[in-house]
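Student: This is the structure I want to talk about, given as structure tokens.
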Amino acid sequence: MDSARFSRLLEISGPVSRETFDRLVAFEGIFRRWSRRINLAAPSTLNDLWERHILDSAQLLRLAPDALKWLDVGSGGGFPGAVMAILLAEKSGAEVHLVESNRKKASFLVSALNEVGVAPRVHARRIEDTYDAIGTPDIVTARALAPLPLLIELTEPWLTQGARALFHKGRDYRREVEESGNTWRFDLVEHEDKVDAAAIILEVSHPLRR
Ligand SMILES: C[S@@+](CC[C@H](N)C(=O)[O-])C[C@H]1O[C@@H](n2cnc3c(N)ncnc32)[C@H](O)[C@@H]1O
């Protein structure tokens, strides 16, 4: 069972160590434990936590294997931010920042990352109050946080400094892209969703207000 799950992780994320896999399995257990007390993800998705949340997050590594500095906005129960922090924990110079305004969820993130042996960089505040605290990441992520026009607006301060954004998006993403075009000009790459929990991963860069 474990070796099948490890192989599937490698297929989705690219190369990671067995220790990293073990940390993700531990994180899954901690997540389930805390989920009995606080709402960390839609209960209907918990049966398939590994595939729908953990692998769905882990696939981002393949899209930016050399990026060292990551910022996840609205991390919630840790998707994709905590998963990326675990995947990159053994990589020298890597740092993954998680911004989550809900204090209970932020406490969960700190506690869970500590428990699996990964130094947490969790900012328990709104993204709008965080711009000065983080510096410029290579990659900004956000999953299930806001429609694309608002995501671009919220992350613009980093994207205009050269960061790339990777946003998981659902089936009606084309409408969101069109709506974004009313306010923004930007470069867009559509990446296949290898897990199929969302529909696509949009890579957004170089936004300019029209
Ligand atoms: C729907 S949840 C998604 C959580 C996670 N990204 C996922 O895909 O499972 C959105 C999260 O963003 C947080 N959030 C909403 N607005 C925020 C803001 N302005 N700054 C930081 N976090 C925010 C909420 O507290 C919530 O935990």
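In the structure tokens, chains take the letters A, B, ... in the order shown, each chain's residues start at 1, and ligands count up from 1 in the order shown.
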If we count only C-alpha atoms and set the cut-off at 9 Å, which residues sit around Tyr173 of chain A, ignoring sequence neighbours fewer than 6 positions away in its own chain? Please answer as a list in words.
Tutor: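 Contacts, with the query itself left out: Pro147, Leu148, Ala199, Ile200 and Leu202 of chain A.
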Student: Check which residues fall inside 8 Å of ligand 1 when counting only C-alpha atoms and all ligand atoms, and print them as a PDB file with N, CA and C atoms, in the first residue's frame.
Tutor:
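Writing done, so here's pocket_35.pdb:
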```
ATOM      1  N   LEU A  40     -11.089  21.934   8.502  1.00  0.00           N
ATOM      2  CA  LEU A  40      -9.893  22.231   7.715  1.00  0.00           C
ATOM      3  C   LEU A  40     -10.105  22.019   6.220  1.00  0.00           C
ATOM      4  N   ALA A  41     -11.111  21.208   5.876  1.00  0.00           N
ATOM      5  CA  ALA A  41     -11.443  20.966   4.459  1.00  0.00           C
ATOM      6  C   ALA A  41     -12.869  20.432   4.427  1.00  0.00           C
ATOM      7  N   HIS A  53      -6.202  16.348  -1.978  1.00  0.00           N
ATOM      8  CA  HIS A  53      -5.562  17.510  -1.368  1.00  0.00           C
ATOM      9  C   HIS A  53      -4.031  17.403  -1.380  1.00  0.00           C
ATOM     10  N   ASP A  72       2.357  30.802  -0.226  1.00  0.00           N
ATOM     11  CA  ASP A  72       0.996  30.295  -0.430  1.00  0.00           C
ATOM     12  C   ASP A  72       0.025  31.207   0.307  1.00  0.00           C
ATOM     13  N   VAL A  73      -0.972  31.679  -0.388  1.00  0.00           N
ATOM     14  CA  VAL A  73      -1.919  32.639   0.177  1.00  0.00           C
ATOM     15  C   VAL A  73      -3.244  31.932   0.488  1.00  0.00           C
ATOM     16  N   GLY A  74      -3.736  32.094   1.710  1.00  0.00           N
ATOM     17  CA  GLY A  74      -4.986  31.436   2.103  1.00  0.00           C
ATOM     18  C   GLY A  74      -4.788  29.936   2.200  1.00  0.00           C
ATOM     19  N   SER A  75      -3.812  29.528   3.005  1.00  0.00           N
ATOM     20  CA  SER A  75      -3.387  28.112   3.024  1.00  0.00           C
ATOM     21  C   SER A  75      -4.431  27.184   3.629  1.00  0.00           C
ATOM     22  N   GLY A  76      -5.314  27.698   4.480  1.00  0.00           N
ATOM     23  CA  GLY A  76      -6.338  26.838   5.081  1.00  0.00           C
ATOM     24  C   GLY A  76      -5.694  25.688   5.852  1.00  0.00           C
ATOM     25  N   GLY A  77      -6.073  24.478   5.496  1.00  0.00           N
ATOM     26  CA  GLY A  77      -5.506  23.293   6.133  1.00  0.00           C
ATOM     27  C   GLY A  77      -4.151  22.896   5.573  1.00  0.00           C
ATOM     28  N   GLY A  78      -3.589  23.733   4.702  1.00  0.00           N
ATOM     29  CA  GLY A  78      -2.207  23.472   4.253  1.00  0.00           C
ATOM     30  C   GLY A  78      -2.056  23.112   2.789  1.00  0.00           C
ATOM     31  N   PHE A  79      -3.076  23.446   1.991  1.00  0.00           N
ATOM     32  CA  PHE A  79      -3.027  23.069   0.571  1.00  0.00           C
ATOM     33  C   PHE A  79      -3.020  24.293  -0.315  1.00  0.00           C
ATOM     34  N   PRO A  80      -1.991  24.489  -1.095  1.00  0.00           N
ATOM     35  CA  PRO A  80      -0.842  23.604  -1.225  1.00  0.00           C
ATOM     36  C   PRO A  80       0.330  23.919  -0.296  1.00  0.00           C
ATOM     37  N   GLY A  81       0.252  24.973   0.532  1.00  0.00           N
ATOM     38  CA  GLY A  81       1.445  25.491   1.214  1.00  0.00           C
ATOM     39  C   GLY A  81       2.181  24.496   2.106  1.00  0.00           C
ATOM     40  N   VAL A  99       0.429  32.082   4.307  1.00  0.00           N
ATOM     41  CA  VAL A  99      -0.345  33.189   4.863  1.00  0.00           C
ATOM     42  C   VAL A  99      -1.777  32.696   5.058  1.00  0.00           C
ATOM     43  N   GLU A 100      -2.238  32.758   6.285  1.00  0.00           N
ATOM     44  CA  GLU A 100      -3.593  32.276   6.594  1.00  0.00           C
ATOM     45  C   GLU A 100      -4.182  33.164   7.677  1.00  0.00           C
ATOM     46  N   SER A 101      -5.300  33.831   7.355  1.00  0.00           N
ATOM     47  CA  SER A 101      -5.845  34.837   8.278  1.00  0.00           C
ATOM     48  C   SER A 101      -6.616  34.220   9.445  1.00  0.00           C
ATOM     49  N   ASN A 102      -7.090  32.984   9.295  1.00  0.00           N
ATOM     50  CA  ASN A 102      -7.860  32.355  10.378  1.00  0.00           C
ATOM     51  C   ASN A 102      -6.893  31.799  11.433  1.00  0.00           C
ATOM     52  N   LYS A 105      -6.723  27.943  12.051  1.00  0.00           N
ATOM     53  CA  LYS A 105      -6.065  27.218  10.961  1.00  0.00           C
ATOM     54  C   LYS A 105      -4.562  27.495  10.970  1.00  0.00           C
ATOM     55  N   ALA A 124       0.032  34.545  10.408  1.00  0.00           N
ATOM     56  CA  ALA A 124      -1.387  34.480  10.768  1.00  0.00           C
ATOM     57  C   ALA A 124      -2.019  35.837  10.562  1.00  0.00           C
ATOM     58  N   ARG A 125      -2.128  36.242   9.320  1.00  0.00           N
ATOM     59  CA  ARG A 125      -2.775  37.525   9.016  1.00  0.00           C
ATOM     60  C   ARG A 125      -3.284  37.536   7.583  1.00  0.00           C
ATOM     61  N   ARG A 126      -3.962  38.603   7.249  1.00  0.00           N
ATOM     62  CA  ARG A 126      -4.490  38.724   5.896  1.00  0.00           C
ATOM     63  C   ARG A 126      -3.352  39.050   4.928  1.00  0.00           C
ATOM     64  N   ILE A 127      -3.515  38.566   3.725  1.00  0.00           N
ATOM     65  CA  ILE A 127      -2.462  38.788   2.738  1.00  0.00           C
ATOM     66  C   ILE A 127      -2.214  40.284   2.526  1.00  0.00           C
ATOM     67  N   GLU A 128      -3.294  41.073   2.619  1.00  0.00           N
ATOM     68  CA  GLU A 128      -3.165  42.513   2.377  1.00  0.00           C
ATOM     69  C   GLU A 128      -2.236  43.167   3.399  1.00  0.00           C
ATOM     70  N   ALA A 142      -2.147  29.908  -4.694  1.00  0.00           N
ATOM     71  CA  ALA A 142      -3.399  30.087  -3.943  1.00  0.00           C
ATOM     72  C   ALA A 142      -4.388  29.098  -4.530  1.00  0.00           C
ATOM     73  N   ARG A 143      -5.036  28.345  -3.649  1.00  0.00           N
ATOM     74  CA  ARG A 143      -6.035  27.374  -4.114  1.00  0.00           C
ATOM     75  C   ARG A 143      -7.347  27.667  -3.408  1.00  0.00           C
ATOM     76  N   ALA A 144      -8.410  27.780  -4.176  1.00  0.00           N
ATOM     77  CA  ALA A 144      -9.759  27.992  -3.625  1.00  0.00           C
ATOM     78  C   ALA A 144      -9.829  29.245  -2.762  1.00  0.00           C
ATOM     79  N   LEU A 145      -9.133  30.297  -3.165  1.00  0.00           N
ATOM     80  CA  LEU A 145      -9.141  31.527  -2.372  1.00  0.00           C
ATOM     81  C   LEU A 145     -10.082  32.576  -2.963  1.00  0.00           C
ATOM     82  N   ALA A 146     -10.018  32.779  -4.283  1.00  0.00           N
ATOM     83  CA  ALA A 146     -10.786  33.875  -4.886  1.00  0.00           C
ATOM     84  C   ALA A 146     -10.818  33.681  -6.400  1.00  0.00           C
TER      85      ALA A 146
END
```
Student: Where does DSSP see strand (DSSP E or B) in segment 18-201 of chain A, if you list the residues as a CSV table (one decimal) with N, CA and C atoms, in the first residue's frame?
Tutor:
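Saved to states_16.csv:
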```csv
chain,number,residue,atom,x,y,z
A,69,LYS,N,11.9,29.9,-3.3
A,69,LYS,CA,11.1,30.7,-2.4
A,69,LYS,C,9.6,30.7,-2.8
A,70,TRP,N,8.8,30.1,-2.0
A,70,TRP,CA,7.4,30.0,-2.3
A,70,TRP,C,6.5,30.7,-1.3
A,71,LEU,N,5.4,31.2,-1.8
A,71,LEU,CA,4.4,31.9,-0.9
A,71,LEU,C,3.0,31.3,-1.2
A,72,ASP,N,2.4,30.8,-0.2
A,72,ASP,CA,1.0,30.3,-0.4
A,72,ASP,C,0.0,31.2,0.3
A,73,VAL,N,-1.0,31.7,-0.4
A,73,VAL,CA,-1.9,32.6,0.2
A,73,VAL,C,-3.2,31.9,0.5
A,95,GLU,N,12.5,28.1,1.1
A,95,GLU,CA,11.6,28.6,2.1
A,95,GLU,C,10.2,28.7,1.6
A,96,VAL,N,9.3,28.2,2.4
A,96,VAL,CA,7.9,28.3,1.9
A,96,VAL,C,7.1,29.0,3.0
A,97,HIS,N,6.5,30.2,2.6
A,97,HIS,CA,5.7,31.0,3.5
A,97,HIS,C,4.2,30.7,3.3
A,98,LEU,N,3.5,30.6,4.4
A,98,LEU,CA,2.1,30.3,4.4
A,98,LEU,C,1.4,31.5,5.0
A,99,VAL,N,0.4,32.1,4.3
A,99,VAL,CA,-0.3,33.2,4.9
A,99,VAL,C,-1.8,32.7,5.1
A,122,VAL,N,4.7,30.5,9.1
A,122,VAL,CA,3.3,30.8,8.9
A,122,VAL,C,3.0,32.2,9.4
A,123,HIS,N,2.3,32.9,8.6
A,123,HIS,CA,1.9,34.3,8.9
A,123,HIS,C,0.4,34.3,9.1
A,139,ILE,N,7.6,31.9,-6.6
A,139,ILE,CA,6.3,31.3,-6.9
A,139,ILE,C,5.3,31.7,-5.9
A,140,VAL,N,4.2,32.2,-6.3
A,140,VAL,CA,3.0,32.5,-5.4
A,140,VAL,C,1.9,31.5,-5.8
A,141,THR,N,1.3,30.8,-4.8
A,141,THR,CA,0.2,29.9,-5.0
A,141,THR,C,-1.0,30.3,-4.2
A,142,ALA,N,-2.1,29.9,-4.7
A,142,ALA,CA,-3.4,30.1,-3.9
A,142,ALA,C,-4.4,29.1,-4.5
A,164,ARG,N,6.1,34.3,-10.3
A,164,ARG,CA,5.1,33.6,-11.1
A,164,ARG,C,4.1,33.0,-10.2
A,165,ALA,N,2.8,33.1,-10.6
A,165,ALA,CA,1.7,32.5,-9.8
A,165,ALA,C,1.3,31.2,-10.4
A,166,LEU,N,1.0,30.2,-9.5
A,166,LEU,CA,0.4,29.0,-9.9
A,166,LEU,C,-0.9,28.8,-9.2
A,167,PHE,N,-2.0,28.9,-9.9
A,167,PHE,CA,-3.4,28.9,-9.3
A,167,PHE,C,-4.1,27.7,-9.8
A,168,HIS,N,-4.6,26.8,-8.8
A,168,HIS,CA,-5.5,25.8,-9.2
A,168,HIS,C,-6.8,26.4,-9.6
A,169,LYS,N,-7.4,25.9,-10.6
A,169,LYS,CA,-8.7,26.5,-11.0
A,169,LYS,C,-9.7,25.4,-11.5
A,184,TRP,N,-6.8,43.4,-16.6
A,184,TRP,CA,-5.4,43.0,-16.6
A,184,TRP,C,-4.9,42.5,-18.0
A,185,ARG,N,-3.7,42.8,-18.3
A,185,ARG,CA,-3.0,42.2,-19.4
A,185,ARG,C,-2.0,41.3,-18.6
A,186,PHE,N,-1.8,40.0,-19.0
A,186,PHE,CA,-0.8,39.2,-18.3
A,186,PHE,C,-0.4,38.0,-19.2
A,187,ASP,N,0.7,37.4,-18.8
A,187,ASP,CA,1.1,36.2,-19.5
A,187,ASP,C,0.4,35.0,-18.9
A,188,LEU,N,0.0,34.0,-19.7
A,188,LEU,CA,-0.8,32.9,-19.1
A,188,LEU,C,-0.3,31.6,-19.7
A,189,VAL,N,0.0,30.6,-18.9
A,189,VAL,CA,0.3,29.3,-19.4
A,189,VAL,C,-0.7,28.3,-18.7
A,190,GLU,N,-1.3,27.4,-19.5
A,190,GLU,CA,-2.3,26.5,-18.9
A,190,GLU,C,-1.6,25.1,-18.7
A,191,HIS,N,-1.5,24.7,-17.4
A,191,HIS,CA,-0.9,23.4,-17.2
A,191,HIS,C,-1.9,22.3,-16.9
A,192,GLU,N,-1.8,21.2,-17.5
A,192,GLU,CA,-2.7,20.1,-17.2
A,192,GLU,C,-2.7,19.8,-15.7
A,200,ILE,N,-7.5,22.6,-13.9
A,200,ILE,CA,-6.3,23.1,-14.6
A,200,ILE,C,-5.4,23.9,-13.6
A,201,ILE,N,-4.2,24.1,-13.9
A,201,ILE,CA,-3.4,25.0,-13.1
A,201,ILE,C,-2.9,26.1,-14.0
```
Student: Which residue gives the smallest distance to Asp196 of chain A among A:Glu176, A:Asp56, A:Asp48, A:Glu11, with only C-alpha atoms counted?
Tutor: A:Asp56
Student: Taking only C-alpha atoms into account, name the residue in A:Ala26, A:Ile54, A:Ala106, A:Leu159 that is nearest to Ile38 of chain A.
Tutor: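 With only C-alpha atoms as the atom set, the closest residue is A:Ala106.
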Student: My list of candidates is A:Phe31, A:Val83, A:Thr160, A:Asn182. Which is closest to Val204 of chain A when distances are computed with only C-alpha atoms?
Tutor: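 Between A:Phe31, A:Val83, A:Thr160, A:Asn182, the residue approaching Val204 of chain A most closely is A:Thr160.
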Student: Write out as JSON, numbers by chain which residues come within 9 Å of Leu61 of chain A when counting only C-alpha atoms, dropping same-chain ones fewer than 2 positions away.
Tutor: {"A": [12, 13, 14, 57, 58, 59, 63, 64, 65, 66, 67, 84, 87, 88]}
Student: Could you turn the residues from that selection into a file that holds N, CA and C atoms, as a tab-separated table (two decimals), in the first residue's frame?
Tutor:
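This is the output file part-v6.tsv:
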```
chain	number	residue	atom	x	y	z
A	12	ILE	N	3.56	12.09	-9.58
A	12	ILE	CA	2.86	13.38	-9.56
A	12	ILE	C	3.81	14.55	-9.28
A	13	SER	N	4.75	14.36	-8.35
A	13	SER	CA	5.55	15.49	-7.89
A	13	SER	C	6.92	15.55	-8.54
A	14	GLY	N	7.40	14.42	-9.11
A	14	GLY	CA	8.81	14.32	-9.47
A	14	GLY	C	9.57	13.80	-8.25
A	57	SER	N	-1.83	19.12	-4.35
A	57	SER	CA	-0.85	20.16	-4.01
A	57	SER	C	0.53	19.79	-4.54
A	58	ALA	N	0.91	18.53	-4.36
A	58	ALA	CA	2.28	18.09	-4.67
A	58	ALA	C	2.62	18.23	-6.15
A	59	GLN	N	1.60	18.22	-7.00
A	59	GLN	CA	1.89	18.31	-8.44
A	59	GLN	C	2.55	19.64	-8.81
A	63	LEU	N	6.03	21.68	-11.71
A	63	LEU	CA	5.89	22.87	-12.55
A	63	LEU	C	6.97	23.91	-12.24
A	64	ALA	N	7.61	23.78	-11.08
A	64	ALA	CA	8.65	24.75	-10.71
A	64	ALA	C	9.70	24.04	-9.86
A	65	PRO	N	10.38	23.03	-10.43
A	65	PRO	CA	11.26	22.20	-9.61
A	65	PRO	C	12.47	22.97	-9.05
A	66	ASP	N	12.83	24.09	-9.68
A	66	ASP	CA	14.02	24.82	-9.21
A	66	ASP	C	13.69	26.02	-8.33
A	67	ALA	N	12.42	26.32	-8.16
A	67	ALA	CA	12.05	27.49	-7.36
A	67	ALA	C	12.36	27.22	-5.89
A	84	MET	N	3.89	21.83	0.12
A	84	MET	CA	5.12	22.33	-0.52
A	84	MET	C	6.23	22.49	0.51
A	87	LEU	N	7.60	19.09	1.01
A	87	LEU	CA	8.34	18.61	-0.18
A	87	LEU	C	9.71	19.28	-0.30
A	88	LEU	N	9.79	20.54	0.15
A	88	LEU	CA	11.03	21.30	-0.04
A	88	LEU	C	11.91	21.34	1.21
```
Student: Taking only C-alpha atoms into account, which of A:Ala198, A:Ala89, A:Val177, A:Leu46 comes nearest Leu113 of chain A?
Tutor: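 Smallest separation from Leu113 of chain A among the options: A:Ala89.
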Student: Write out as an NGL selection string all residues of chain A that backbone DSSP assigns to helix (DSSP H, G or I).
Tutor: :A and (2-13 or 18-35 or 43-58 or 60-63 or 81-87 or 103-116 or 127-129 or 148-159 or 173-183)
Student: Using only C-alpha atoms for the distances, tell me which of A:Val116, A:Leu60, A:Ala4, A:Leu150 is nearest to Glu19 of chain A.
Tutor: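 Smallest separation from Glu19 of chain A among the options: A:Val116.
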Student: Suppose you want the space between atom CA of Tyr131 of chain A and atom CA of Val118 of chain A; what is it in Å?
Tutor: 23.6 Å
Student: Can you tell me how far atom CA of Glu115 of chain A sits from atom CA of Asp129 of chain A, in Å to one decimal?
Tutor: 27.5 Å
Student: At a cut-off of 7 Å, using only C-alpha atoms, what residues contact segment 27-30 of chain A? Leave out same-chain residues fewer than 4 positions from it and give the result as a list in words.
Tutor: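 After dropping sequence-adjacent residues, the list is Arg23, Trp34, Ala112 and Val116 of chain A.
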Student: Atom CA of Leu24 of chain A and atom CA of Gly170 of chain A are how many Å apart?
Tutor: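 One can read the atom CA of Leu24 of chain A to atom CA of Gly170 of chain A distance as 24.7 Å.
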